[in-house]
$ cat data-v1.tsv   # TSV, C-alpha atoms (C1' of nucleotides)
chain	number	residue	atom	x	y	z
K	95	MET	CA	98.27	91.98	92.59
K	96	PRO	CA	99.86	89.39	94.69
K	97	GLU	CA	101.09	90.87	97.93
K	98	GLY	CA	104.71	90.88	98.99
K	99	HIS	CA	104.92	87.21	99.84
K	100	SER	CA	104.26	86.26	96.22
K	101	ILE	CA	107.05	88.50	94.99
K	102	HIS	CA	109.51	86.82	97.34
K	103	ARG	CA	108.34	83.45	96.09
K	104	LEU	CA	108.96	84.64	92.56
K	105	ALA	CA	112.49	85.72	93.45
K	106	HIS	CA	113.15	82.24	94.82
K	107	ALA	CA	111.54	80.59	91.81
K	108	PHE	CA	113.65	82.54	89.33
K	109	ALA	CA	116.82	81.70	91.22
K	110	GLU	CA	115.98	78.00	91.24
K	111	LEU	CA	114.68	77.70	87.72
K	112	PHE	CA	116.96	80.05	85.81
K	113	GLY	CA	119.86	80.96	88.09
K	114	GLY	CA	123.21	80.96	86.30
K	115	GLN	CA	121.72	80.46	82.87
K	116	ALA	CA	122.07	82.73	79.88
K	117	LEU	CA	118.50	83.55	78.97
K	118	ALA	CA	116.88	84.35	75.68
K	119	VAL	CA	114.94	87.51	76.47
K	120	SER	CA	112.26	88.77	74.14
K	121	SER	CA	109.10	90.82	74.11
K	122	PRO	CA	106.46	88.99	72.07
K	123	GLN	CA	104.06	91.85	72.69
K	124	GLY	CA	106.69	94.33	71.50
K	125	ARG	CA	106.29	96.96	74.19
K	126	PHE	CA	109.49	95.94	75.93
K	127	ALA	CA	111.58	95.26	72.84
K	128	ASP	CA	114.32	97.75	73.74
K	129	GLY	CA	114.67	96.45	77.29
K	130	ALA	CA	114.65	92.84	76.14
K	131	ALA	CA	117.50	93.58	73.74
K	132	LEU	CA	119.60	94.83	76.67
K	133	LEU	CA	119.20	91.51	78.50
K	134	ASP	CA	119.05	88.96	75.70
K	135	GLY	CA	121.82	86.39	76.03
K	136	HIS	CA	122.93	87.56	79.44
K	137	ARG	CA	123.19	85.31	82.48
K	138	LEU	CA	120.73	85.63	85.34
K	139	VAL	CA	123.02	85.82	88.36
K	140	ARG	CA	120.95	87.31	91.18
K	141	THR	CA	117.36	87.78	92.23
K	142	ASP	CA	115.91	90.07	94.85
K	143	ALA	CA	112.54	91.18	96.15
K	144	HIS	CA	111.65	94.26	98.14
K	145	GLY	CA	108.01	94.83	98.94
K	146	LYS	CA	106.13	94.33	95.71
K	147	HIS	CA	109.15	94.96	93.48
K	148	LEU	CA	110.92	92.01	91.87
K	149	PHE	CA	114.52	92.45	90.72
K	150	LEU	CA	116.29	90.05	88.38
K	151	GLY	CA	120.01	90.73	88.08
K	152	PHE	CA	121.75	89.93	84.81
K	153	ALA	CA	125.49	89.87	84.28
K	154	ALA	CA	126.57	92.96	82.39
K	155	GLY	CA	128.51	91.06	79.76
K	156	ARG	CA	127.10	88.51	77.41
K	157	VAL	CA	128.35	84.98	77.73
K	158	GLY	CA	131.62	84.68	75.82
K	159	GLU	CA	132.03	88.42	75.52
K	160	GLY	CA	134.39	89.21	78.34
K	161	PRO	CA	133.97	89.23	82.10
K	162	ASP	CA	130.59	89.62	83.68
K	163	GLY	CA	131.89	92.54	85.66
K	164	ALA	CA	130.55	93.79	88.94
K	165	ASP	CA	127.82	95.87	87.41
K	166	LEU	CA	124.56	94.14	86.86
K	167	ARG	CA	121.64	95.04	84.72
K	168	TRP	CA	118.53	94.69	86.78
K	169	LEU	CA	115.12	93.92	85.41
K	170	ARG	CA	112.64	95.61	87.73
K	171	VAL	CA	109.08	94.31	87.59
K	172	HIS	CA	106.06	95.56	89.48
K	173	LEU	CA	102.98	93.48	88.78
K	174	GLY	CA	100.48	96.16	89.68
K	175	LEU	CA	96.94	95.01	90.03
K	176	TYR	CA	96.80	92.46	87.24
K	177	GLY	CA	100.30	91.40	86.37
K	178	SER	CA	101.30	87.77	86.38
K	179	TRP	CA	104.13	85.44	85.55
K	180	THR	CA	103.40	82.12	83.91
K	181	PHE	CA	106.01	79.37	84.00
K	182	SER	CA	106.28	76.20	82.01
K	183	GLY	CA	109.02	73.82	81.12
K	184	ASP	CA	110.20	70.26	80.73
K	185	SER	CA	110.05	67.51	83.34
K	186	THR	CA	113.15	68.81	85.12
K	187	PHE	CA	111.54	72.21	85.53
K	188	SER	CA	109.55	72.19	88.74
K	189	GLY	CA	106.36	71.62	86.85
K	190	PRO	CA	104.36	74.13	84.92
K	191	HIS	CA	102.88	76.62	87.29
K	192	ALA	CA	101.77	80.19	87.40
K	193	ILE	CA	102.72	82.48	90.25
K	194	GLY	CA	101.02	85.75	90.81
K	195	ALA	CA	98.18	85.48	88.36
K	196	PRO	CA	95.39	87.98	88.80
K	197	ARG	CA	93.02	86.54	91.35
K	198	ARG	CA	89.65	87.03	89.89
K	199	ARG	CA	88.21	84.57	92.34
K	200	VAL	CA	89.17	85.32	95.87
K	201	GLY	CA	91.01	82.47	97.40
K	202	GLU	CA	92.33	81.09	94.16
K	203	GLU	CA	95.72	79.49	94.52
K	204	GLU	CA	98.81	79.41	92.46
K	205	GLN	CA	97.63	76.80	90.02
K	206	ALA	CA	99.09	74.55	87.42
K	207	VAL	CA	98.32	75.59	83.89
K	208	ALA	CA	95.99	72.93	82.55
K	209	GLY	CA	96.72	71.02	79.43
K	210	ILE	CA	100.49	71.25	79.46
K	211	ASP	CA	102.30	67.95	79.75
K	212	ALA	CA	105.83	67.86	81.00
K	213	ALA	CA	108.12	66.79	78.20
K	214	ALA	CA	111.43	65.00	78.62
K	215	PRO	CA	114.49	67.22	78.57
K	216	GLY	CA	115.55	67.75	74.98
K	217	GLU	CA	112.06	67.14	73.68
K	218	TRP	CA	110.54	70.24	75.19
K	219	THR	CA	109.75	73.27	73.11
K	220	PRO	CA	108.39	76.47	74.60
K	221	PRO	CA	104.66	77.03	74.15
K	222	ALA	CA	103.43	79.94	72.10
K	223	PRO	CA	102.93	83.06	74.23
K	224	ARG	CA	99.42	83.33	75.59
K	225	GLY	CA	97.98	86.80	75.62
K	226	ALA	CA	100.00	90.00	75.57
K	227	VAL	CA	103.37	88.80	76.84
K	228	ARG	CA	105.52	91.78	77.73
K	229	VAL	CA	108.62	89.75	78.48
K	230	ARG	CA	109.58	86.18	77.81
K	231	LEU	CA	112.55	84.69	79.63
K	232	LEU	CA	113.63	81.46	78.00
K	233	GLY	CA	116.11	79.16	79.71
K	234	THR	CA	117.41	75.67	79.11
K	235	HIS	CA	114.48	73.84	80.64
K	236	GLY	CA	111.67	76.31	80.83
K	237	VAL	CA	110.15	79.66	80.13
K	238	ALA	CA	108.58	82.48	82.11
K	239	ASP	CA	106.11	84.90	80.52
K	240	LEU	CA	105.13	88.24	82.03
K	241	THR	CA	101.78	89.83	81.26
K	242	GLY	CA	99.97	92.85	82.57
K	243	ALA	CA	102.75	94.34	84.67
K	244	ALA	CA	102.44	97.94	85.81
K	245	ALA	CA	106.21	98.41	85.64
K	246	CYS	CA	108.86	96.59	83.67
K	247	GLU	CA	112.20	98.22	83.04
K	248	VAL	CA	115.94	97.70	82.99
K	249	VAL	CA	117.71	99.69	85.69
K	250	THR	CA	121.29	100.22	86.84
K	251	PRO	CA	122.50	99.13	90.27
K	252	ALA	CA	122.30	102.75	91.41
K	253	GLU	CA	118.74	103.03	90.19
K	254	LYS	CA	117.83	99.82	92.01
K	255	VAL	CA	119.25	101.28	95.20
K	256	ALA	CA	117.24	104.44	94.63
K	257	VAL	CA	114.02	102.50	94.22
K	258	GLN	CA	114.67	100.55	97.40
K	259	GLY	CA	115.57	103.73	99.21
K	260	ARG	CA	112.06	104.99	98.70
K	261	LEU	CA	110.53	101.82	100.09
K	262	GLY	CA	109.75	101.24	103.71
K	263	PRO	CA	111.03	98.20	105.56
K	264	ASP	CA	109.83	94.84	104.30
K	265	PRO	CA	108.78	92.38	107.03
K	266	ILE	CA	109.88	89.47	104.85
K	267	ARG	CA	113.43	90.69	104.22
K	268	ALA	CA	116.23	89.84	106.59
K	269	ASP	CA	117.09	93.54	106.75
K	270	GLY	CA	113.48	94.51	107.49
K	271	ASP	CA	113.65	96.82	110.49
K	272	GLY	CA	110.58	96.86	112.67
K	273	GLU	CA	111.77	99.93	114.55
K	274	GLU	CA	111.95	101.78	111.25
K	275	PHE	CA	108.29	100.90	110.69
K	276	VAL	CA	107.44	102.15	114.16
K	277	ARG	CA	109.24	105.42	113.42
K	278	ARG	CA	107.45	105.86	110.11
K	279	ALA	CA	103.97	105.00	111.39
K	280	GLY	CA	104.05	106.22	114.97
K	281	GLY	CA	103.02	109.77	115.70
K	282	ARG	CA	101.45	110.13	112.29
K	283	ARG	CA	98.18	111.89	111.84
K	284	ARG	CA	97.10	109.39	109.19
K	285	ALA	CA	94.92	106.35	109.74
K	286	ILE	CA	96.76	103.13	110.44
K	287	GLY	CA	94.76	101.52	107.62
K	288	GLU	CA	96.30	104.00	105.21
K	289	LEU	CA	99.77	103.76	106.69
K	290	LEU	CA	99.88	100.00	106.20
K	291	MET	CA	99.17	100.44	102.49
K	292	ASP	CA	101.78	103.17	102.09
K	293	GLN	CA	104.83	101.45	100.64
K	294	GLU	CA	107.07	104.14	102.11
K	295	VAL	CA	105.91	103.20	105.60
K	296	ILE	CA	106.01	99.43	105.21
K	297	SER	CA	106.47	97.55	101.97
K	298	GLY	CA	104.79	94.41	100.78
K	299	VAL	CA	101.52	94.74	102.66
K	300	GLY	CA	98.47	94.63	100.40
K	301	ASN	CA	94.76	94.82	100.89
K	302	ILE	CA	94.34	91.38	102.45
K	303	TYR	CA	97.21	91.62	104.93
K	304	ARG	CA	96.02	95.11	105.83
K	305	SER	CA	92.52	94.16	106.93
K	306	GLU	CA	93.59	90.88	108.46
K	307	SER	CA	96.54	92.14	110.48
K	308	LEU	CA	94.47	95.02	111.86
K	309	HIS	CA	91.78	92.62	112.95
K	310	ARG	CA	94.32	90.36	114.61
K	311	ALA	CA	95.69	93.43	116.39
K	312	ARG	CA	92.19	94.60	117.32
K	313	LEU	CA	92.93	97.97	115.75
K	314	HIS	CA	90.29	99.92	113.87
K	315	PRO	CA	91.53	100.91	110.38
K	316	ARG	CA	90.70	104.56	111.04
K	317	ARG	CA	92.70	104.76	114.25
K	318	LEU	CA	95.41	107.34	113.72
K	319	GLY	CA	99.02	106.26	113.80
K	320	ARG	CA	99.73	108.65	116.66
K	321	ASP	CA	96.99	107.01	118.70
K	322	VAL	CA	98.46	103.54	118.45
K	323	PRO	CA	100.85	102.77	121.31
K	324	LEU	CA	104.35	102.01	120.07
K	325	ALA	CA	104.24	98.57	121.65
K	326	ARG	CA	101.18	97.73	119.58
K	327	LEU	CA	102.90	98.95	116.43
K	328	ARG	CA	105.83	96.67	117.23
K	329	ALA	CA	103.42	93.80	117.78
K	330	LEU	CA	101.70	94.59	114.49
K	331	TRP	CA	105.03	94.43	112.68
K	332	GLY	CA	105.88	91.15	114.35
K	333	ASP	CA	102.56	89.63	113.42
K	334	LEU	CA	102.92	90.74	109.80
K	335	ALA	CA	106.41	89.28	109.68
K	336	THR	CA	105.03	85.95	110.85
K	337	LEU	CA	102.00	85.97	108.56
K	338	MET	CA	103.96	87.01	105.49
K	339	ALA	CA	106.79	84.54	106.09
K	340	ASP	CA	104.12	81.87	106.25
K	341	GLY	CA	102.76	83.20	102.96
K	342	VAL	CA	106.19	82.84	101.36
K	343	ALA	CA	106.42	79.27	102.58
K	344	THR	CA	102.96	78.16	101.49
K	345	GLY	CA	102.00	80.51	98.66
K	346	ARG	CA	98.71	81.24	100.40
K	347	ILE	CA	97.53	84.00	102.67
K	348	VAL	CA	96.06	82.34	105.73
K	349	THR	CA	95.46	84.54	108.73
K	350	VAL	CA	92.92	82.64	110.83
K	351	ASP	CA	94.31	80.84	113.84
K	352	ALA	CA	93.26	77.22	114.23
K	353	GLU	CA	91.11	78.02	117.25
K	354	HIS	CA	88.93	80.32	115.13
K	355	ALA	CA	88.73	78.33	111.94
K	356	LEU	CA	85.27	77.29	110.85
K	357	ASP	CA	84.48	74.21	108.85
K	358	ASP	CA	81.66	75.75	106.87
K	359	ALA	CA	81.03	74.31	103.46
K	360	ALA	CA	78.78	77.25	102.60
K	361	ASP	CA	81.57	79.67	103.30
K	362	PRO	CA	84.89	78.16	102.29
K	363	GLU	CA	86.70	81.43	102.89
K	364	ALA	CA	85.79	81.28	106.54
K	365	ALA	CA	88.77	79.07	107.21
K	366	ARG	CA	91.24	81.57	105.83
K	367	TRP	CA	90.37	85.13	106.72
K	368	TYR	CA	88.72	86.91	109.61
K	369	VAL	CA	87.22	89.89	107.82
K	370	TYR	CA	88.53	90.26	104.28
K	371	HIS	CA	85.60	90.03	101.83
K	372	ARG	CA	83.32	88.99	104.67
K	373	THR	CA	81.09	92.06	104.84
K	374	GLY	CA	77.87	91.31	106.72
K	375	ARG	CA	79.05	87.91	107.83
K	376	PRO	CA	79.80	87.10	111.44
K	377	CYS	CA	83.21	87.87	112.83
K	378	LEU	CA	84.98	84.57	113.49
K	379	VAL	CA	85.96	85.78	116.95
K	380	CYS	CA	82.89	87.50	118.38
K	381	GLY	CA	80.04	86.95	115.93
K	382	ALA	CA	79.36	90.62	115.22
K	383	ARG	CA	78.83	91.54	111.59
K	384	VAL	CA	81.87	92.47	109.56
K	385	SER	CA	81.88	96.04	108.27
K	386	GLU	CA	83.33	97.50	105.12
K	387	THR	CA	84.23	100.95	103.91
K	388	ASP	CA	86.26	102.63	101.24
K	389	MET	CA	89.67	103.90	102.19
K	390	GLN	CA	91.56	105.75	99.49
K	391	GLY	CA	89.78	103.87	96.78
K	392	ARG	CA	90.31	100.42	98.27
K	393	ARG	CA	87.94	98.33	100.35
K	394	VAL	CA	88.86	97.78	103.95
K	395	PHE	CA	87.10	95.37	106.31
K	396	TRP	CA	86.85	95.21	110.07
K	397	CYS	CA	84.76	93.90	112.95
K	398	SER	CA	82.86	96.69	114.65
K	399	ARG	CA	83.03	94.94	117.99
K	400	CYS	CA	86.57	93.54	118.07
K	401	GLN	CA	88.03	96.69	116.54
K	402	ARG	CA	86.52	99.61	118.37
K	403	ALA	CA	86.08	102.80	116.40
K	404	PRO	CA	88.36	105.65	117.40
K	405	ARG	CA	86.81	108.62	119.14
K	406	ARG	CA	85.99	111.42	116.80
K	407	ARG	CA	88.40	114.30	116.69
K	408	THR	CA	87.46	117.70	115.44
S	217	DT	C1'	78.45	91.56	74.09
S	218	DT	C1'	79.50	94.57	77.72
S	219	DG	C1'	81.23	96.03	82.06
S	220	DG	C1'	82.84	95.65	86.57
S	221	DA	C1'	86.08	94.09	89.78
S	222	DA	C1'	90.55	92.30	91.09
S	223	DT	C1'	95.64	91.24	96.48
S	224	DG	C1'	98.52	98.92	92.80
S	225	DG	C1'	100.38	102.89	92.08
S	226	DA	C1'	101.89	107.02	89.37
S	227	DC	C1'	100.65	111.43	88.33
S	228	DA	C1'	98.01	115.93	87.74
S	229	DA	C1'	95.40	119.52	89.62
H	282	DT	C1'	90.91	114.52	95.43
H	283	DG	C1'	90.47	112.42	90.69
H	284	DT	C1'	92.25	110.06	86.39
H	285	DC	C1'	94.67	106.88	84.01
H	286	DC	C1'	97.19	102.59	82.99
H	287	DC	C1'	98.04	97.51	82.74
H	288	DT	C1'	94.97	92.36	81.79
H	289	DT	C1'	91.77	88.76	82.77
H	290	DC	C1'	87.39	86.65	83.38
H	291	DC	C1'	82.87	86.06	85.07
H	292	DA	C1'	78.31	88.15	85.84
H	293	DA	C1'	74.97	90.74	83.92
H	294	DT	C1'	72.72	92.27	79.76
$ encode --input "data-v1.tsv" --output "structure tokens"
Amino acid sequence: MPEGHSIHRLAHAFAELFGGQALAVSSPQGRFADGAALLDGHRLVRTDAHGKHLFLGFAAGRVGEGPDGADLRWLRVHLGLYGSWTFSGDSTFSGPHAIGAPRRRVGEEEQAVAGIDAAAPGEWTPPAPRGAVRVRLLGTHGVADLTGAAACEVVTPAEKVAVQGRLGPDPIRADGDGEEFVRRAGGRRRAIGELLMDQEVISGVGNIYRSESLHRARLHPRRLGRDVPLARLRALWGDLATLMADGVATGRIVTVDAEHALDDAADPEAARWYVYHRTGRPCLVCGARVSETDMQGRRVFWCSRCQRAPRRRT
DNA sequence: TTGGAATGGACAA
DNA sequence: TGTCCCTTCCAAT
């Protein structure tokens, strides 16, 4: 799935494209029909993102049926590994684009959906759903279709709070607390490569940011949390905050500093990432071959020279 | 035509 | 630890 930066971009996109509008909510696929009925005709009034969870807040009352009230109905969406949102709309919509599509090809960007021309306002009609669309949100000028999500449900404000309470600090959020990350990761007997992927320790980090931030920090993925000095954990948090904020701004994960970027036509990924999906290729910093191993069912990459292996414990 | 793999995670044993 | 779920799409048959 897209990592945390994409979810924050989605929260911004929904606020810009649909904020304040009463939306027609449906489930073309049918598997979310009950949830869609709870939201249909309600105004989207808030959006939020925490880690990889997207929250869309709808006013409790339908338009014209009494006050909105303080209570919101939140649509909680977790894209999982293959979920995606696809947007399209008229010429006043910010162009048809998909955010968070499954990235079959590594390095693929958020891309415009081909073959859809922007229509003038009033002449636009929503396209037929493509694929198994779990939820369709239809506004005045555009539509957003959700497919493949691992989680999609309507929750109460209290339930939203409960979900967030289980999540670790998010480096992208204003309330993201680096010291909380240090507390949750420091002293732990688990590998730092596992801790970074544990959403209760830090939320929003995915498989690319994991390998890349550890390389930038010169930390081996198997180094135990308790063996990482607190100052280096703080630095790791700070670097992730910078990298992920950049990801929110650009929609791309780019972790290679300019001084290390290669202009190699045979290896276009070389300009973006130090080690991710670069097994056997030279490290951009030292030239040693990039290594790969499995860590809890996911691939993790590192440079065997820049990131020294921890001493074995028995 | 089939089958992995893809930037996750919940749950059972 | 393993299993399962959700969808897409390209490489290998």
$ atom_distance --input "data-v1.tsv" --atom1 "atom CA of Pro223 of chain K" --atom2 "atom CA of Ala131 of chain K"
18.0 Å
$ residues_around --input "data-v1.tsv" --residues "DG283 of chain H" --least-positions-apart "4" --cutoff "12 Å" --atoms "all atoms listed in the file" --output "mmCIF file with C-alpha atoms (C1' of nucleotides), in the frame of the given file"
data_model
loop_
_atom_site.group_PDB
_atom_site.id
_atom_site.type_symbol
_atom_site.label_atom_id
_atom_site.label_comp_id
_atom_site.auth_asym_id
_atom_site.auth_seq_id
_atom_site.Cartn_x
_atom_site.Cartn_y
_atom_site.Cartn_z
ATOM 1 C CA GLN K 390 91.560 105.750 99.490
ATOM 2 C CA GLY K 391 89.780 103.870 96.780
ATOM 3 C "C1'" DC S 227 100.650 111.430 88.330
ATOM 4 C "C1'" DA S 228 98.010 115.930 87.740
ATOM 5 C "C1'" DA S 229 95.400 119.520 89.620
#
$ residues_near_point --input "data-v1.tsv" --point "(115.9, 89.7, 105.4)" --cutoff "12 Å" --atoms "all atoms listed in the file" --output "PyMOL selection string"
chain K and resi 102+142-145+263-272+335+339
$ write_last_selection --input "data-v1.tsv" --atoms "C-alpha atoms" --output "CSV table (one decimal), keeping the file's coordinate frame"
chain,number,residue,atom,x,y,z
K,102,HIS,CA,109.5,86.8,97.3
K,142,ASP,CA,115.9,90.1,94.8
K,143,ALA,CA,112.5,91.2,96.2
K,144,HIS,CA,111.6,94.3,98.1
K,145,GLY,CA,108.0,94.8,98.9
K,263,PRO,CA,111.0,98.2,105.6
K,264,ASP,CA,109.8,94.8,104.3
K,265,PRO,CA,108.8,92.4,107.0
K,266,ILE,CA,109.9,89.5,104.8
K,267,ARG,CA,113.4,90.7,104.2
K,268,ALA,CA,116.2,89.8,106.6
K,269,ASP,CA,117.1,93.5,106.8
K,270,GLY,CA,113.5,94.5,107.5
K,271,ASP,CA,113.6,96.8,110.5
K,272,GLY,CA,110.6,96.9,112.7
K,335,ALA,CA,106.4,89.3,109.7
K,339,ALA,CA,106.8,84.5,106.1
$ atom_distance --input "data-v1.tsv" --atom1 "atom CA of Ala285 of chain K" --atom2 "atom CA of Pro404 of chain K"
10.1 Å
$ residues_around --input "data-v1.tsv" --residues "DT218 of chain S" --least-positions-apart "2" --cutoff "12 Å" --atoms "only C-alpha atoms (C1' of nucleotides)" --output "PyMOL selection string"
(chain S and resi 220) or (chain H and resi 291-294)
$ closest_atom_pairs --input "data-v1.tsv" --of "chain S" --to "chain K" --cutoff "12 Å" --atoms "all atoms listed in the file" --output "Markdown table"
| residue | atom | partner | partner_atom | distance |
| --- | --- | --- | --- | --- |
| S:DG220 | C1' | K:Arg198 | CA | 11.5 |
| S:DA221 | C1' | K:Arg198 | CA | 7.9 |
| S:DA222 | C1' | K:Arg198 | CA | 5.5 |
| S:DT223 | C1' | K:Met95 | CA | 4.8 |
| S:DG224 | C1' | K:Gly174 | CA | 4.6 |
| S:DG225 | C1' | K:Gly174 | CA | 7.1 |
| S:DA226 | C1' | K:Ala244 | CA | 9.8 |
$ closest_atom_pairs --input "data-v1.tsv" --of "chain H" --to "chain K" --cutoff "9 Å" --atoms "only C-alpha atoms (C1' of nucleotides)" --output "CSV"
residue,atom,partner,partner_atom,distance
H:DC286,C1',K:Ala244,CA,7.6
H:DC287,C1',K:Gly242,CA,5.0
H:DT288,C1',K:Gly242,CA,5.1
H:DT289,C1',K:Pro196,CA,7.1
H:DC290,C1',K:Arg198,CA,6.9
H:DC291,C1',K:Arg198,CA,8.4
$ residues_around --input "data-v1.tsv" --residues "Val229 of chain K" --least-positions-apart "4" --cutoff "6 Å" --atoms "all atoms listed in the file" --output "list in words"
Ser120, Ser121, Asp239 and Leu240 of chain K
$ residues_near_point --input "data-v1.tsv" --point "(108.9, 105.4, 114.5)" --cutoff "10 Å" --atoms "only C-alpha atoms (C1' of nucleotides)" --output "compact mmCIF listing (two decimals) with C-alpha atoms, in the coordinates of the input"
# COMPACT_ATOMS: atom_id res chain seq x y z
CA GLY K 272 110.58 96.86 112.67
CA GLU K 273 111.77 99.93 114.55
CA GLU K 274 111.95 101.78 111.25
CA PHE K 275 108.29 100.90 110.69
CA VAL K 276 107.44 102.15 114.16
CA ARG K 277 109.24 105.42 113.42
CA ARG K 278 107.45 105.86 110.11
CA ALA K 279 103.97 105.00 111.39
CA GLY K 280 104.05 106.22 114.97
CA GLY K 281 103.02 109.77 115.70
CA ARG K 282 101.45 110.13 112.29
CA VAL K 295 105.91 103.20 105.60
CA GLY K 319 99.02 106.26 113.80
CA ARG K 320 99.73 108.65 116.66
CA LEU K 324 104.35 102.01 120.07
CA LEU K 327 102.90 98.95 116.43
CA ARG K 328 105.83 96.67 117.23
$ atom_distance --input "data-v1.tsv" --atom1 "atom CA of Arg228 of chain K" --atom2 "atom CA of Arg125 of chain K"
6.3 Å
$ axis_aligned_box --input "data-v1.tsv" --around "segment 225-229 of chain S" --padding-each-side "3 Å" --output "lines of an AutoDock Vina configuration file"
center_x = 98.6
center_y = 111.2
center_z = 89.9
size_x = 12.5
size_y = 22.6
size_z = 10.3
$ residues_around --input "data-v1.tsv" --residues "Ser185 of chain K" --least-positions-apart "6" --cutoff "6 Å" --atoms "only C-alpha atoms (C1' of nucleotides)" --output "ChimeraX atom specification"
/K:212-214
$ closest_residue --input "data-v1.tsv" --among "K:Glu386, K:Asp351, K:Arg316, K:Val139" --to "Ile286 of chain K" --atoms "only C-alpha atoms"
K:Arg316
$ decode --input "data-v1.tsv" --residues "segment 214-226 of chain K" --atoms "N, CA and C atoms" --output "mmCIF file, in the first residue's frame"
data_model
loop_
_atom_site.group_PDB
_atom_site.id
_atom_site.type_symbol
_atom_site.label_atom_id
_atom_site.label_comp_id
_atom_site.auth_asym_id
_atom_site.auth_seq_id
_atom_site.Cartn_x
_atom_site.Cartn_y
_atom_site.Cartn_z
ATOM 1 N N ALA K 214 -16.707 20.281 -19.055
ATOM 2 C CA ALA K 214 -17.088 21.544 -18.429
ATOM 3 C C ALA K 214 -18.067 21.258 -17.297
ATOM 4 N N PRO K 215 -18.038 22.118 -16.277
ATOM 5 C CA PRO K 215 -19.001 21.932 -15.185
ATOM 6 C C PRO K 215 -20.425 21.916 -15.742
ATOM 7 N N GLY K 216 -21.226 21.018 -15.259
ATOM 8 C CA GLY K 216 -22.589 20.902 -15.755
ATOM 9 C C GLY K 216 -22.720 19.888 -16.878
ATOM 10 N N GLU K 217 -21.599 19.634 -17.551
ATOM 11 C CA GLU K 217 -21.660 18.646 -18.637
ATOM 12 C C GLU K 217 -20.976 17.347 -18.241
ATOM 13 N N TRP K 218 -20.500 17.318 -17.006
ATOM 14 C CA TRP K 218 -19.770 16.132 -16.563
ATOM 15 C C TRP K 218 -20.736 15.100 -15.983
ATOM 16 N N THR K 219 -20.514 13.883 -16.328
ATOM 17 C CA THR K 219 -21.249 12.790 -15.679
ATOM 18 C C THR K 219 -20.222 11.791 -15.179
ATOM 19 N N PRO K 220 -20.470 11.216 -14.017
ATOM 20 C CA PRO K 220 -19.470 10.300 -13.457
ATOM 21 C C PRO K 220 -19.290 9.068 -14.335
ATOM 22 N N PRO K 221 -18.050 8.612 -14.472
ATOM 23 C CA PRO K 221 -17.795 7.407 -15.256
ATOM 24 C C PRO K 221 -18.339 6.182 -14.539
ATOM 25 N N ALA K 222 -18.557 5.147 -15.292
ATOM 26 C CA ALA K 222 -18.982 3.881 -14.684
ATOM 27 C C ALA K 222 -17.864 3.381 -13.782
ATOM 28 N N PRO K 223 -18.203 2.758 -12.657
ATOM 29 C CA PRO K 223 -17.160 2.222 -11.777
ATOM 30 C C PRO K 223 -16.299 1.214 -12.521
ATOM 31 N N ARG K 224 -15.001 1.315 -12.316
ATOM 32 C CA ARG K 224 -14.083 0.336 -12.900
ATOM 33 C C ARG K 224 -13.672 -0.659 -11.823
ATOM 34 N N GLY K 225 -13.877 -1.909 -12.101
ATOM 35 C CA GLY K 225 -13.490 -2.929 -11.142
ATOM 36 C C GLY K 225 -14.481 -3.007 -9.996
ATOM 37 N N ALA K 226 -14.023 -3.639 -8.923
ATOM 38 C CA ALA K 226 -14.876 -3.865 -7.757
ATOM 39 C C ALA K 226 -14.795 -2.660 -6.834
#
